[in-house]
Structures are given as structure tokens and as C-alpha cells.
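Structure file target-v2.cif; described as mmCIF, C-alpha atoms.
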```cif
data_model
#
loop_
_atom_site.label_atom_id
_atom_site.label_comp_id
_atom_site.auth_asym_id
_atom_site.auth_seq_id
_atom_site.Cartn_x
_atom_site.Cartn_y
_atom_site.Cartn_z
CA MET A 1188 72.68 103.42 80.00
CA ASN A 1189 74.78 106.01 78.17
CA ASP A 1190 72.25 108.82 78.71
CA PHE A 1191 72.92 111.26 81.50
CA GLN A 1192 70.23 113.30 83.15
CA LEU A 1193 71.46 116.36 85.02
CA GLU A 1194 68.46 116.45 87.32
CA ASN A 1195 69.38 113.01 88.67
CA ALA A 1196 72.92 114.18 89.43
CA LEU A 1197 71.52 117.23 91.21
CA VAL A 1198 69.29 115.02 93.37
CA VAL A 1199 72.29 112.88 94.37
CA SER A 1200 74.40 115.96 95.04
CA ALA A 1201 71.69 117.51 97.21
CA TRP A 1202 71.41 114.30 99.25
CA CYS A 1203 75.19 114.22 99.67
CA LEU A 1204 75.29 117.85 100.77
CA GLY A 1205 72.63 117.09 103.37
CA VAL A 1206 74.62 114.11 104.64
CA VAL A 1207 77.75 116.28 104.90
CA VAL A 1208 75.87 118.95 106.85
CA GLY A 1209 74.56 116.32 109.25
CA LEU A 1210 78.03 114.88 109.66
CA MET A 1211 79.51 118.31 110.43
CA VAL A 1212 76.81 118.91 113.06
CA PHE A 1213 77.70 115.55 114.62
CA THR A 1214 81.39 116.52 114.50
CA ALA A 1215 80.65 119.81 116.28
CA VAL A 1216 78.84 117.95 119.06
CA LEU A 1217 81.66 115.40 119.31
CA ALA A 1218 84.27 118.17 119.49
CA ARG A 1219 82.28 119.89 122.22
CA VAL A 1220 81.95 116.70 124.29
CA SER A 1221 85.59 115.63 123.86
CA GLY A 1222 87.05 119.13 124.12
CA LYS A 1223 89.09 118.47 120.95
CA ILE A 1224 88.42 120.07 117.59
CA SER A 1225 90.96 117.66 116.12
CA VAL A 1226 88.27 114.94 115.99
CA VAL A 1227 87.46 116.59 112.67
CA ASP A 1228 90.59 114.98 111.23
CA THR A 1229 89.26 111.50 111.98
CA ILE A 1230 85.87 112.41 110.52
CA TRP A 1231 87.53 113.56 107.26
CA GLY A 1232 87.93 110.08 105.78
CA LEU A 1233 84.61 108.88 107.18
CA GLY A 1234 82.86 111.80 105.49
CA PHE A 1235 83.92 110.59 102.06
CA ILE A 1236 82.67 107.10 102.87
CA ALA A 1237 79.28 108.57 103.86
CA VAL A 1238 79.09 110.53 100.59
CA ALA A 1239 80.10 107.51 98.48
CA LEU A 1240 77.49 105.31 100.18
CA THR A 1241 74.81 107.97 99.74
CA SER A 1242 75.74 108.38 96.07
CA ALA A 1243 75.56 104.63 95.48
CA LEU A 1244 72.17 104.27 97.16
CA VAL A 1245 70.48 107.40 95.83
CA GLY A 1246 72.10 107.14 92.39
CA THR A 1247 70.91 103.59 91.91
CA ARG A 1248 67.39 104.61 92.91
CA GLN A 1249 67.46 107.51 90.44
CA ILE A 1250 68.53 105.16 87.63
CA MET A 1251 65.79 102.67 88.50
CA ASP A 1252 63.26 105.53 88.31
CA TRP A 1253 64.26 106.27 84.71
CA GLY A 1254 62.09 103.37 83.58
CA CYS A 1255 64.57 102.21 80.93
CA PRO A 1256 64.12 105.20 78.55
CA LEU A 1257 67.44 104.47 76.84
CA SER A 1258 68.42 103.27 73.43
CA PHE A 1259 71.41 101.12 72.57
CA GLY A 1260 70.71 100.35 68.93
CA ALA A 1261 70.57 96.58 68.68
CA VAL A 1262 70.64 96.16 72.44
CA ASP A 1263 67.39 95.87 74.33
CA PRO A 1264 67.05 99.22 76.16
CA CYS A 1265 65.74 97.40 79.21
CA SER A 1266 68.58 94.85 79.24
CA MET A 1267 70.25 94.34 82.59
CA ALA A 1268 73.73 94.72 81.10
CA PRO A 1269 73.95 98.52 81.36
CA ALA A 1270 72.70 98.49 84.93
CA ASP A 1271 75.18 95.73 85.71
CA ASP A 1272 77.97 97.94 84.35
CA HIS A 1273 76.80 100.78 86.57
CA ASP A 1274 76.48 98.55 89.62
CA ARG A 1275 79.93 97.03 89.20
CA ARG A 1276 81.53 100.44 88.78
CA MET A 1277 79.73 101.86 91.81
CA VAL A 1278 80.72 98.86 93.95
CA LEU A 1279 84.31 99.45 92.85
CA VAL A 1280 84.17 103.18 93.61
CA LEU A 1281 82.51 102.56 96.98
CA ALA A 1282 85.18 99.99 97.87
CA MET A 1283 88.00 102.36 96.84
CA VAL A 1284 86.64 105.24 98.91
CA THR A 1285 85.86 103.00 101.89
CA ILE A 1286 89.29 101.35 101.99
CA TRP A 1287 91.05 104.71 101.71
CA GLY A 1288 88.77 106.57 104.13
CA GLY A 1289 88.62 103.77 106.68
CA ARG A 1290 92.39 103.32 106.76
CA LEU A 1291 92.97 107.06 107.08
CA ALA A 1292 90.37 107.51 109.84
CA TRP A 1293 91.81 104.59 111.85
CA HIS A 1294 95.37 105.84 111.39
CA ILE A 1295 94.52 109.37 112.57
CA TYR A 1296 92.42 108.10 115.49
CA ARG A 1297 95.16 105.74 116.65
CA ARG A 1298 97.84 108.44 116.27
CA SER A 1299 95.89 111.07 118.21
CA ARG A 1300 94.49 108.80 120.95
CA GLY A 1301 95.78 109.81 124.37
CA HIS A 1302 97.16 113.12 123.14
CA GLY A 1303 95.90 116.63 123.73
CA GLU A 1304 94.53 119.10 121.23
CA ASP A 1305 96.34 119.54 117.93
CA PRO A 1306 98.33 122.82 118.10
CA ARG A 1307 96.63 123.95 114.88
CA TYR A 1308 93.29 124.02 116.68
CA GLU A 1309 94.29 125.32 120.13
CA GLU A 1310 93.65 128.94 119.22
CA LEU A 1311 90.22 128.08 117.86
CA MET A 1312 89.21 126.49 121.17
CA SER A 1313 89.40 129.91 122.82
CA SER A 1314 87.43 131.68 120.08
CA GLY A 1315 84.20 129.80 120.79
CA PRO A 1316 82.05 127.61 118.54
CA GLY A 1317 81.80 130.33 115.87
CA GLY A 1318 85.49 130.10 115.05
CA MET A 1319 85.32 126.32 114.83
CA VAL A 1320 82.37 126.48 112.43
CA ARG A 1321 83.81 129.19 110.16
CA LYS A 1322 87.43 128.03 110.06
CA VAL A 1323 87.15 124.25 110.34
CA LEU A 1324 83.72 122.64 109.92
CA LEU A 1325 82.41 124.77 107.05
CA PRO A 1326 85.59 124.52 104.92
CA GLN A 1327 85.94 120.80 105.63
CA GLY A 1328 82.33 120.04 104.83
CA LEU A 1329 82.49 121.96 101.56
CA ALA A 1330 85.78 120.23 100.68
CA ILE A 1331 84.29 116.76 101.26
CA TRP A 1332 81.30 117.60 99.09
CA PHE A 1333 83.31 119.22 96.28
CA VAL A 1334 86.14 116.68 96.11
CA SER A 1335 83.62 113.83 95.98
CA LEU A 1336 81.71 115.29 92.99
CA PRO A 1337 83.14 112.61 90.61
CA VAL A 1338 81.61 109.93 92.83
CA GLN A 1339 78.28 111.74 92.88
CA VAL A 1340 78.12 112.23 89.11
CA THR A 1341 79.24 108.72 88.18
CA SER A 1342 76.48 107.28 90.38
CA VAL A 1343 73.93 108.33 87.73
CA SER A 1344 76.11 107.69 84.67
CA GLY A 1345 76.20 104.59 82.50
CA GLY A 1346 78.77 102.78 80.42
CA TYR A 1347 82.51 103.06 80.82
CA VAL A 1348 85.82 103.00 78.97
CA ALA A 1349 87.64 99.97 80.37
CA TRP A 1350 91.23 101.17 79.99
CA VAL A 1351 90.43 104.45 81.76
CA LEU A 1352 88.81 102.56 84.62
CA TRP A 1353 91.77 100.21 85.06
CA LEU A 1354 94.24 103.08 84.80
CA GLY A 1355 92.35 104.69 87.66
CA VAL A 1356 92.60 101.51 89.72
CA VAL A 1357 96.38 101.39 89.17
CA VAL A 1358 96.82 105.06 90.15
CA TRP A 1359 94.67 104.46 93.25
CA VAL A 1360 96.73 101.42 94.29
CA VAL A 1361 99.98 103.40 93.90
CA GLY A 1362 98.53 106.27 95.93
CA LEU A 1363 97.23 104.04 98.71
CA ALA A 1364 100.60 102.28 98.91
CA PHE A 1365 102.48 105.58 99.18
CA GLU A 1366 100.13 106.83 101.88
CA ALA A 1367 100.03 103.66 103.98
CA ILE A 1368 103.73 102.79 103.63
CA GLY A 1369 104.75 106.39 104.24
CA ASP A 1370 102.68 106.54 107.43
CA ALA A 1371 104.10 103.21 108.63
CA GLN A 1372 107.68 104.28 107.93
CA LEU A 1373 107.19 107.55 109.79
CA ALA A 1374 105.68 105.75 112.79
CA ALA A 1375 108.65 103.34 112.85
CA TYR A 1376 111.05 106.28 112.69
CA LYS A 1377 109.39 107.95 115.66
CA ARG A 1378 109.71 104.73 117.70
CA ASP A 1379 113.43 104.40 116.93
CA PRO A 1380 115.48 105.72 119.88
CA ASP A 1381 118.53 106.08 117.61
CA ARG A 1382 116.76 108.00 114.87
CA GLY A 1383 118.42 110.91 113.15
CA PRO A 1384 117.08 114.47 113.24
CA VAL A 1385 115.18 114.05 109.94
CA MET A 1386 113.21 111.16 108.46
CA ASP A 1387 114.89 110.54 105.10
CA ARG A 1388 114.52 106.78 104.70
CA GLY A 1389 112.25 104.64 102.53
CA LEU A 1390 109.73 106.64 100.54
CA TRP A 1391 110.79 109.76 102.44
CA ARG A 1392 114.07 109.63 100.53
CA TYR A 1393 112.18 110.50 97.33
CA THR A 1394 109.49 112.89 98.57
CA ARG A 1395 109.19 114.93 101.75
CA HIS A 1396 105.48 114.12 101.93
CA PRO A 1397 104.75 110.60 100.61
CA ASN A 1398 101.47 110.47 102.52
CA TYR A 1399 100.20 113.69 100.95
CA PHE A 1400 101.35 112.56 97.50
CA GLY A 1401 99.57 109.25 98.07
CA ASP A 1402 96.39 111.04 99.14
CA SER A 1403 96.44 113.06 95.94
CA ALA A 1404 97.08 109.98 93.77
CA VAL A 1405 94.21 108.12 95.47
CA TRP A 1406 91.76 110.82 94.43
CA TRP A 1407 93.14 111.09 90.91
CA GLY A 1408 92.62 107.32 90.69
CA ILE A 1409 89.06 107.58 91.96
CA TYR A 1410 88.44 110.41 89.50
CA LEU A 1411 89.67 108.27 86.57
CA VAL A 1412 87.46 105.34 87.58
CA CYS A 1413 84.48 107.69 87.81
CA ALA A 1414 85.41 109.49 84.58
CA SER A 1415 85.52 106.20 82.70
CA ALA A 1416 81.82 107.06 82.36
CA ALA A 1417 82.01 110.27 80.34
CA PRO A 1418 79.88 112.74 82.38
CA ALA A 1419 82.27 112.63 85.35
CA LEU A 1420 85.06 113.91 83.09
CA PHE A 1421 83.71 117.38 83.79
CA THR A 1422 84.40 117.07 87.52
CA ILE A 1423 88.17 117.32 87.00
CA LEU A 1424 88.32 120.37 89.29
CA SER A 1425 87.66 118.01 92.20
CA PRO A 1426 91.01 116.12 92.15
CA ILE A 1427 92.73 119.39 91.25
CA ALA A 1428 91.21 120.94 94.38
CA MET A 1429 92.31 117.99 96.53
CA THR A 1430 95.86 118.29 95.21
CA TYR A 1431 95.83 122.04 95.86
CA PHE A 1432 94.65 121.49 99.45
CA LEU A 1433 97.38 118.90 100.05
CA VAL A 1434 100.18 120.99 98.55
CA HIS A 1435 99.31 124.62 99.22
CA ALA A 1436 96.41 125.05 101.65
CA THR A 1437 96.32 122.73 104.67
CA GLY A 1438 99.00 120.22 103.73
CA ALA A 1439 102.64 120.28 102.73
CA ARG A 1440 103.31 124.04 102.54
CA LEU A 1441 101.75 124.65 105.95
CA LEU A 1442 103.75 121.85 107.55
CA GLU A 1443 106.96 123.01 105.89
CA ARG A 1444 106.84 126.31 107.80
CA THR A 1445 107.36 124.40 111.03
CA MET A 1446 109.65 121.71 109.69
CA MET A 1447 112.13 124.21 108.21
CA LYS A 1448 112.99 125.28 111.77
CA ARG A 1449 114.23 121.79 112.67
CA PRO A 1450 117.95 120.99 112.50
CA GLY A 1451 118.86 119.19 109.29
CA TYR A 1452 115.51 119.78 107.58
CA PRO A 1453 116.62 122.61 105.24
CA GLU A 1454 119.41 120.35 103.98
CA TYR A 1455 116.94 117.49 103.55
CA ALA A 1456 114.58 119.82 101.69
CA ALA A 1457 117.36 120.96 99.38
CA ARG A 1458 117.97 117.42 98.11
CA THR A 1459 114.46 115.94 98.28
CA SER A 1460 111.40 116.70 96.17
CA MET A 1461 108.64 118.30 98.20
CA PHE A 1462 105.69 116.43 96.68
CA PHE A 1463 106.14 114.30 93.54
CA PRO A 1464 108.60 111.43 94.14
CA LEU A 1465 111.92 112.02 92.40
CA PRO A 1466 115.48 110.71 92.88
CA PRO A 1467 117.28 112.81 95.51
CA LYS A 1468 119.61 115.50 94.25
CA ALA A 1469 123.34 114.97 94.58
CA ALA A 1470 124.90 116.62 97.62
#
```
Now that the file is in, can you turn its structure into C-alpha cells?
Amino acid sequence: MNDFQLENALVVSAWCLGVVVGLMVFTAVLARVSGKISVVDTIWGLGFIAVALTSALVGTRQIMDWGCPLSFGAVDPCSMAPADDHDRRMVLVLAMVTIWGGRLAWHIYRRSRGHGEDPRYEELMSSGPGGMVRKVLLPQGLAIWFVSLPVQVTSVSGGYVAWVLWLGVVVWVVGLAFEAIGDAQLAAYKRDPDRGPVMDRGLWRYTRHPNYFGDSAVWWGIYLVCASAAPALFTILSPIAMTYFLVHATGARLLERTMMKRPGYPEYAARTSMFFPLPPKAA
């Protein structure tokens, strides 16, 4: 199943876009009922799960509709082996996205439960539903769809390069560990009554944003697993976009503006890498 048919990828992508639109409509209703736009943060991870599941289901159907038009030389073109390769890779991709997205959604939900609106969204609450759609739901929906393009394309691609796939798994595991451990360490720091002014322990000693770095690594890992089947190589802008969002748009740089006002943070920033983990600089 080494052939790739663009029309099949477009069908999957259209389905995924429709699912994202439906999810954003649901999010708008949920935000209206709860009075909190910040529910969109919980939906973020769940949106990727919805896209991955849609890709797996629709992509498999598209492949079945090909009617085995493929040639593998000495291999029977209607052999189950290529489909098995596709199915195993899609199960792996779906599991990777689901574990990451489910953990992130639960973490954000648990962290925000019982709290008021996120300060980032308070101004939008007063600007009516139009501001929420333009500044939150539309960008988030497009981001979910665009970042998940490797998953969409690989769902209708066959074959794979094993070492690329396993490299992707390793990168994903490292990213998930950084994100989960970083979140746990930060939560423990906040519970400590004797904590210092700045969290600079554990992974936070090597990067000021281990959770954002982990998020980026997770999606580079998913990209590599998807790109082990050649057509998804051309979706490299997707993990680049995710990394850009995490560093420059809605992630680290935005948070740094507030954090730099805290006592001790400028000194911490001077010795600690902002994003990629590195040994701290000497004082």
C-alpha cells in the first residue's frame, strides 16, 4: 500500500475540519452555559483526539474503497500485509494522541475546577460572543486542524520506515515525560508552604517551560511516526507551527511577560534556558 491518493487525504481532511467545527460550536455553547471561555483549554486536547479518531475511521474506509489497486512486485497486491501495516501504525498514532490529549485535558480540567475565569479571557467575556469566536474559537479550531495534518495524511498512506517510526515513539515518550513530570513538579511546588519565590527545581532547573517543551516534543514525535510513511513528510509545517505557538504565540513568550515582574524571576531567567533543556548557566 505504497500508493498515495491525494483525493483520499482531502476527504479525510474535510471530515476532520467538519468535526473541528462541530467541536468549536459545542465549546461555544459550553462556554456560554458555564460562563467561562477557559473551557476551551480543556477542549484543546480532546479536539486532537476527535481528529485522530476521525482520521483513523475515515482513512481506513478510504483505503478499503481503493479495491486493492496496488502493486508490490512479487507481493500479492491484495495481501493483508500492507493493510496490517497501516492499521498498526494508525492504532499507534491514535494511542499516542489519545494518551497525550486525555492527560492534558484532565490536567487542565482538574487545575481549573473551582476557579473563576482565566485572566486571559476576562476581557473577551465583555466583548460578546463575536470576540470569543474571532479571538479564541476560530484560531483554536484552525490550529487543531492544521497541527493534526500529519495524522490525517498518514491515515491514507501505506508502508513505513521502521527506524523513523521508532525514533518518533522515543521523542514522543520524552516529550510526554517532560510535560507530565513538569506539571506534577509545579503542582507540588504550589502546595509547598515553604516554597521559594521561583520554581527552579527538577526539570524547571533546566528549562523555564518543561511542559511547553514536552508538548512540542510530543508533536514532533507524532509527526515522525506519521512521516515514517512518506507522504506525511510534507506536513512538516504542522509540528513547526505547534512549536511556534508554544514558544512565540500563546505559550512561553506570552507567559514570560507576566513572570518577569515576579521577584527572583529575572535572575532565574538569566541562568535557565527558556525552552530547550540545557544545563543552567553559572551564577
Picked residues, the PyMOL selection byres ((chain A and resi 1214) around 12), as JSON, numbers by chain: {"A": [1207, 1208, 1209, 1210, 1211, 1212, 1213, 1215, 1216, 1217, 1218, 1219, 1220, 1221, 1222, 1223, 1224, 1225, 1226, 1227, 1228, 1229, 1230, 1231, 1233, 1234, 1316, 1319, 1320, 1323, 1324, 1325, 1327, 1328]}
Which residues come within 12 Å of Val1198 in chain A, counting all atoms listed in the file, excluding same-chain residues fewer than 5 positions away, as a count of residues only? 18
Would you list the contacts of Ala1282 in chain A as a count of residues only, taking every protein, DNA or RNA residue within 10 Å and counting only C-alpha atoms, but skipping same-chain residues closer than 4 positions in sequence? 9
Between CA of Ala1428 in chain A and CA of Ala1371 in chain A, what is the spacing in Å?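 We find that CA of Ala1371 in chain A and CA of Ala1428 in chain A lie 26.1 Å from each other.
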Which residue, A:Leu1411, A:Leu1420, A:Val1357, A:Met1386, has the smallest gap to Gly1451 in chain A when you use all atoms listed in the file?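 Ranking A:Leu1411, A:Leu1420, A:Val1357, A:Met1386 by distance to Gly1451 in chain A, first place goes to A:Met1386.
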Would you compute the distance between CA of Val1348 in chain A and CA of Ala1416 in chain A? Give it in Å to one decimal. 6.6 Å
Between CA of Val1338 in chain A and CA of His1396 in chain A, what distance in Å does the model show, to one decimal?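 According to the coordinates, CA of Val1338 in chain A and CA of His1396 in chain A are separated by 25.9 Å.
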Taking (92.6, 108.9, 106.1) in the file's coordinates, which residues come within 6 Å, counting only C-alpha atoms, written as JSON, numbers by chain? {"A": [1232, 1288, 1290, 1291, 1292]}
Any idea what's packed within 9 Å of range 1456-1461 of chain A, counting all atoms listed in the file, ignoring anything in its chain fewer than 6 positions away? Could you give it as a PyMOL selection string? chain A and resi 1387+1391-1397+1434+1439-1440+1447+1467-1470
Considering all atoms listed in the file, state which residue in the set A:Val1385, A:Val1284, A:Leu1354, A:Val1206 is at the smallest distance from Pro1453 in chain A.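 Under the stated criterion, the closest residue is A:Val1385.
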With all atoms listed in the file as the counted atoms, please give the residues lying no more than 12 Å from Gly1401 in chain A, apart from itself and same-chain residues fewer than 3 positions off, as number ranges by chain. A: 1287, 1291, 1358-1370, 1390, 1394-1398, 1404-1408, 1429-1430, 1433-1434, 1462-1464
Keeping only C-alpha atoms, write the selected residues to a file as a short mmCIF file (atom, residue, chain, number, x, y, z; two decimals), keeping the file's coordinate frame.
```
data_model
loop_
_atom_site.label_atom_id
_atom_site.label_comp_id
_atom_site.auth_asym_id
_atom_site.auth_seq_id
_atom_site.Cartn_x
_atom_site.Cartn_y
_atom_site.Cartn_z
CA TRP A 1287 91.05 104.71 101.71
CA LEU A 1291 92.97 107.06 107.08
CA VAL A 1358 96.82 105.06 90.15
CA TRP A 1359 94.67 104.46 93.25
CA VAL A 1360 96.73 101.42 94.29
CA VAL A 1361 99.98 103.40 93.90
CA GLY A 1362 98.53 106.27 95.93
CA LEU A 1363 97.23 104.04 98.71
CA ALA A 1364 100.60 102.28 98.91
CA PHE A 1365 102.48 105.58 99.18
CA GLU A 1366 100.13 106.83 101.88
CA ALA A 1367 100.03 103.66 103.98
CA ILE A 1368 103.73 102.79 103.63
CA GLY A 1369 104.75 106.39 104.24
CA ASP A 1370 102.68 106.54 107.43
CA LEU A 1390 109.73 106.64 100.54
CA THR A 1394 109.49 112.89 98.57
CA ARG A 1395 109.19 114.93 101.75
CA HIS A 1396 105.48 114.12 101.93
CA PRO A 1397 104.75 110.60 100.61
CA ASN A 1398 101.47 110.47 102.52
CA ALA A 1404 97.08 109.98 93.77
CA VAL A 1405 94.21 108.12 95.47
CA TRP A 1406 91.76 110.82 94.43
CA TRP A 1407 93.14 111.09 90.91
CA GLY A 1408 92.62 107.32 90.69
CA MET A 1429 92.31 117.99 96.53
CA THR A 1430 95.86 118.29 95.21
CA LEU A 1433 97.38 118.90 100.05
CA VAL A 1434 100.18 120.99 98.55
CA PHE A 1462 105.69 116.43 96.68
CA PHE A 1463 106.14 114.30 93.54
CA PRO A 1464 108.60 111.43 94.14
#
```
Running the PyMOL selection byres ((chain A and resi 1422) around 10) on this model by hand, what would come out? Give it as a ChimeraX atom specification. /A:1333-1341,1410,1413-1414,1418-1421,1423-1427
Could you check the closest approach to Glu1454 in chain A for each of A:Pro1384, A:Lys1377, A:Ala1201, A:Ala1349 and tell me which residue wins, using all atoms listed in the file?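 Selected residue with least distance to Glu1454 in chain A: A:Pro1384.
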Looking at only C-alpha atoms, which of A:Ala1374, A:Asp1379, A:Glu1443, A:Ala1196 is the one that sits closest to Arg1298 in chain A? A:Ala1374
